[in-house]
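Q: Sharing a structure below in structure tokens format, with a few things to ask.
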Amino acid sequence: MSWPPEYDDRYLPAPGSRYWFPERECQDPEARDAEIVRKIQATMAWAWERAPFYRKKWQDAGLEPGDIKGLDDFRKVPVVTKQELREDQAADPPLGSYLCIPREEVRRIHGTSGTTGKPTAFAIGRDDWRRIANAHARIMWGFGLRPSDTVFFGSFFSLYLGGWGALAGVERLGATAFPFGAGVPGQTLMALRWLREMRPSAFYGTPSYGLYVAEKARQEGIDPREFGLRILFFSGEPGAGIPSTKRRIEEAYDGVCVDTGSMAEMTPWMTNAECEVRSGMHLWQDIVYTELLHPERQTLVGFGEEGVPVYTHLERTSQPMIRLWSGDLATWTDEPCECGRTYPRLPRGIYGRVDDMFIVRGENVYPSAVEEVLRASRGCGEEYRIIVSRTEAMDELVIQAEFRPEVGARPGALDALRTDIEARLRAVIGVRATVQLVSPGQLERTEFKARRVIDNRDLFRELTTR
């Protein structure tokens, strides 16, 4: 295949086909690796000629594209961090010195919100956008979407790139797009009306919002199963990869829950995505090459081990990411999937971030582990908070969780639920947590990515050092 690849936008697989490109998706992994190396060489040569950011970084490391003869050589290439990208755009505004196409060829600009610092801009050329659409259509086909489907988008349409990338894939697939959106006051109530009237067969958003829509429907006397959703696919949060959360979503809607997503910078971000078997996210290595590196040593970890996904675009020309450090945490496997694809998989999805993990009394605690316990409890409602605080010299972990209305109506049920959850948390995370059960609807909901971890220990330190 030539580089950058060109795709026929008229192509669709045969209706009964499980695969979009069977020869690529079921390819022998060693043969695929050889093709990946060729794409890496082409991508690096492209960036070397056009991006001062990469040229300087690689020269400082004593490397140039011609040195990369295989994947072992590629692992000598230094990783790129988000902070480096922000600093480069600040020094060379507005799109940074890693933009590899002329400014006038940029067709879309998206970016981060900048809530935690300077926003980062994502520049995408016209041809890259077509390749993104083709990649997403191919992956959506893999988890069961077809041209006959109608997809309801419960997602922000703004600088946030996720919804736009999913929309491009749905349109390329030939399915009907219903870009309803999210975030406007009262919009969720309106969404319920449209979902009942239009009966789309698929839903896209964040897992938190999917659960919120179901909760809001019940409050309005609507069974979410009435919507007729066959597939619900999500990104932006780990929830769709957490078994108990996936189960809640599937029970609420009587549809299948599909986990997708990597990073906005890596669009096409669906190259981490489950297939119709839903046994963990495949890494579609021929589109975005993914490695799992040790969080501290930055060396490749073996299958079955935990590491940080590091991503490399193989088909992007505008702002190619080459060994971008995600900061996420996952475990990978090369065990065969029932679908027949030969890609490695993340069997537990993306279940945390290096900087999301917190230490309480010497134990590493991941928010996703707490969510798994709470979602698995039939007595817990839809929302929760994780509060880490400090009294005197000891860390304290407090879990606020809403209870279901029927639990609050039974004498003694709340005490029994609290005791059960505290015991399960102790067994899973290895540290004692105090559980506070609160009334349904008391905790704030979100239509985007949920922020459920509150660490108040810095406030304690400030007060005690004055």
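Lettering and numbering for the structure tokens are positional, with chains as A, B, ... in the shown order, residues counted from 1 in each chain, and ligands counted from 1 in the shown order.
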Taking the chain letters and numbering used in this document, name the residues of range 50-178 of chain A that DSSP puts in helix (DSSP H, G or I), as a ChimeraX atom specification.
A: /A:50,52-60,65-67,71-74,82-91,103-105,126-142,161-173
Q: As a ChimeraX atom specification, which residues of range 132-316 of chain A does DSSP assign to strand (DSSP E)?
A: /A:150-153,176-178,202-205,231-234,256-259,272-273,281-283,288-293,306-313
Q: Hey, can you spit out that residue selection with N, CA and C atoms as an mmCIF file, in the first residue's frame?
A:
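Written out: part-v4.cif:
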```cif
data_model
loop_
_atom_site.group_PDB
_atom_site.id
_atom_site.type_symbol
_atom_site.label_atom_id
_atom_site.label_comp_id
_atom_site.auth_asym_id
_atom_site.auth_seq_id
_atom_site.Cartn_x
_atom_site.Cartn_y
_atom_site.Cartn_z
ATOM 1 N N THR A 150 -29.511 3.856 12.705
ATOM 2 C CA THR A 150 -29.595 5.283 13.014
ATOM 3 C C THR A 150 -28.900 5.494 14.349
ATOM 4 N N VAL A 151 -27.935 6.417 14.384
ATOM 5 C CA VAL A 151 -27.103 6.618 15.564
ATOM 6 C C VAL A 151 -27.456 7.945 16.223
ATOM 7 N N PHE A 152 -27.875 7.870 17.470
ATOM 8 C CA PHE A 152 -28.175 9.060 18.282
ATOM 9 C C PHE A 152 -26.894 9.514 18.973
ATOM 10 N N PHE A 153 -26.503 10.760 18.758
ATOM 11 C CA PHE A 153 -25.290 11.300 19.358
ATOM 12 C C PHE A 153 -25.643 12.128 20.588
ATOM 13 N N THR A 176 -27.477 6.398 9.295
ATOM 14 C CA THR A 176 -28.153 7.672 9.516
ATOM 15 C C THR A 176 -27.648 8.299 10.803
ATOM 16 N N ALA A 177 -27.157 9.521 10.720
ATOM 17 C CA ALA A 177 -26.653 10.232 11.893
ATOM 18 C C ALA A 177 -27.750 11.108 12.488
ATOM 19 N N PHE A 178 -27.871 11.050 13.802
ATOM 20 C CA PHE A 178 -28.829 11.882 14.538
ATOM 21 C C PHE A 178 -28.011 12.680 15.559
ATOM 22 N N ALA A 202 -28.850 2.964 17.700
ATOM 23 C CA ALA A 202 -27.545 3.055 18.359
ATOM 24 C C ALA A 202 -27.426 4.395 19.073
ATOM 25 N N PHE A 203 -26.558 4.418 20.086
ATOM 26 C CA PHE A 203 -26.346 5.605 20.918
ATOM 27 C C PHE A 203 -24.851 5.792 21.100
ATOM 28 N N TYR A 204 -24.383 7.057 21.032
ATOM 29 C CA TYR A 204 -22.983 7.368 21.328
ATOM 30 C C TYR A 204 -22.911 8.495 22.350
ATOM 31 N N GLY A 205 -22.011 8.371 23.319
ATOM 32 C CA GLY A 205 -21.766 9.412 24.314
ATOM 33 C C GLY A 205 -20.737 8.912 25.305
ATOM 34 N N ILE A 231 -27.253 -1.038 19.973
ATOM 35 C CA ILE A 231 -25.834 -0.877 20.298
ATOM 36 C C ILE A 231 -25.646 0.474 20.971
ATOM 37 N N LEU A 232 -24.912 0.482 22.082
ATOM 38 C CA LEU A 232 -24.515 1.731 22.736
ATOM 39 C C LEU A 232 -22.998 1.728 22.815
ATOM 40 N N PHE A 233 -22.367 2.689 22.159
ATOM 41 C CA PHE A 233 -20.910 2.720 22.188
ATOM 42 C C PHE A 233 -20.443 4.026 22.809
ATOM 43 N N PHE A 234 -19.340 3.941 23.546
ATOM 44 C CA PHE A 234 -18.941 5.028 24.430
ATOM 45 C C PHE A 234 -17.448 5.303 24.319
ATOM 46 N N VAL A 256 -26.376 -3.835 23.590
ATOM 47 C CA VAL A 256 -24.995 -4.180 23.903
ATOM 48 C C VAL A 256 -24.186 -2.897 24.130
ATOM 49 N N CYS A 257 -23.273 -2.957 25.086
ATOM 50 C CA CYS A 257 -22.419 -1.822 25.446
ATOM 51 C C CYS A 257 -21.025 -2.071 24.886
ATOM 52 N N VAL A 258 -20.530 -1.115 24.106
ATOM 53 C CA VAL A 258 -19.243 -1.259 23.421
ATOM 54 C C VAL A 258 -18.285 -0.187 23.912
ATOM 55 N N ASP A 259 -17.100 -0.605 24.295
ATOM 56 C CA ASP A 259 -16.069 0.300 24.800
ATOM 57 C C ASP A 259 -15.147 0.715 23.662
ATOM 58 N N ASN A 272 -8.712 2.006 19.420
ATOM 59 C CA ASN A 272 -8.948 1.156 20.590
ATOM 60 C C ASN A 272 -10.457 0.924 20.619
ATOM 61 N N ALA A 273 -10.904 -0.290 20.324
ATOM 62 C CA ALA A 273 -12.354 -0.511 20.288
ATOM 63 C C ALA A 273 -12.669 -1.990 20.363
ATOM 64 N N MET A 281 -10.934 -4.188 24.237
ATOM 65 C CA MET A 281 -10.685 -3.357 23.057
ATOM 66 C C MET A 281 -9.545 -3.906 22.216
ATOM 67 N N HIS A 282 -9.815 -4.125 20.930
ATOM 68 C CA HIS A 282 -8.750 -4.451 19.988
ATOM 69 C C HIS A 282 -7.884 -3.215 19.765
ATOM 70 N N LEU A 283 -6.619 -3.443 19.512
ATOM 71 C CA LEU A 283 -5.698 -2.386 19.092
ATOM 72 C C LEU A 283 -5.499 -2.540 17.588
ATOM 73 N N VAL A 288 -3.221 2.773 13.896
ATOM 74 C CA VAL A 288 -2.438 3.417 14.956
ATOM 75 C C VAL A 288 -1.662 2.313 15.673
ATOM 76 N N TYR A 289 -0.348 2.416 15.656
ATOM 77 C CA TYR A 289 0.477 1.398 16.311
ATOM 78 C C TYR A 289 0.568 1.717 17.798
ATOM 79 N N THR A 290 0.231 0.716 18.623
ATOM 80 C CA THR A 290 0.183 0.908 20.064
ATOM 81 C C THR A 290 1.163 -0.027 20.757
ATOM 82 N N GLU A 291 1.931 0.547 21.671
ATOM 83 C CA GLU A 291 2.817 -0.220 22.545
ATOM 84 C C GLU A 291 2.360 0.006 23.979
ATOM 85 N N LEU A 292 2.618 -0.956 24.854
ATOM 86 C CA LEU A 292 2.405 -0.761 26.287
ATOM 87 C C LEU A 292 3.765 -0.720 26.965
ATOM 88 N N LEU A 293 4.056 0.426 27.585
ATOM 89 C CA LEU A 293 5.359 0.636 28.206
ATOM 90 C C LEU A 293 5.234 0.691 29.725
ATOM 91 N N GLU A 306 0.768 -4.940 32.966
ATOM 92 C CA GLU A 306 0.198 -3.590 32.954
ATOM 93 C C GLU A 306 1.203 -2.586 32.426
ATOM 94 N N GLY A 307 0.713 -1.649 31.635
ATOM 95 C CA GLY A 307 1.585 -0.607 31.118
ATOM 96 C C GLY A 307 0.803 0.601 30.655
ATOM 97 N N VAL A 308 1.528 1.573 30.157
ATOM 98 C CA VAL A 308 0.951 2.809 29.628
ATOM 99 C C VAL A 308 0.889 2.702 28.103
ATOM 100 N N PRO A 309 -0.281 2.815 27.485
ATOM 101 C CA PRO A 309 -0.349 2.821 26.023
ATOM 102 C C PRO A 309 0.399 4.018 25.440
ATOM 103 N N VAL A 310 1.221 3.740 24.452
ATOM 104 C CA VAL A 310 1.976 4.764 23.723
ATOM 105 C C VAL A 310 1.612 4.597 22.254
ATOM 106 N N TYR A 311 1.142 5.671 21.636
ATOM 107 C CA TYR A 311 0.510 5.587 20.329
ATOM 108 C C TYR A 311 1.333 6.258 19.232
ATOM 109 N N THR A 312 1.243 5.675 18.031
ATOM 110 C CA THR A 312 1.898 6.247 16.855
ATOM 111 C C THR A 312 0.946 6.213 15.671
ATOM 112 N N HIS A 313 0.675 7.372 15.095
ATOM 113 C CA HIS A 313 -0.123 7.423 13.870
ATOM 114 C C HIS A 313 0.625 6.750 12.730
#
```
Q: Counting only C-alpha atoms, what is within 12 Å of Tyr343 in chain A, bar same-chain residues fewer than 5 positions away, as a PyMOL selection string?
A: chain A and resi 24-30+32-33+271-275+280-290+332-338
Q: When distances are computed from only C-alpha atoms, which of A:Thr317, A:Gln187, A:Thr419, A:Ser158 shows the smallest separation from Met44 in chain A?
A: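 Ranked by minimum distance to Met44 in chain A, first place goes to A:Thr317.
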Q: Work out how far apart CA of Leu229 in chain A and CA of Ser17 in chain A are and give it in Å to one decimal.
A: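 A separation of 22.0 Å between them.
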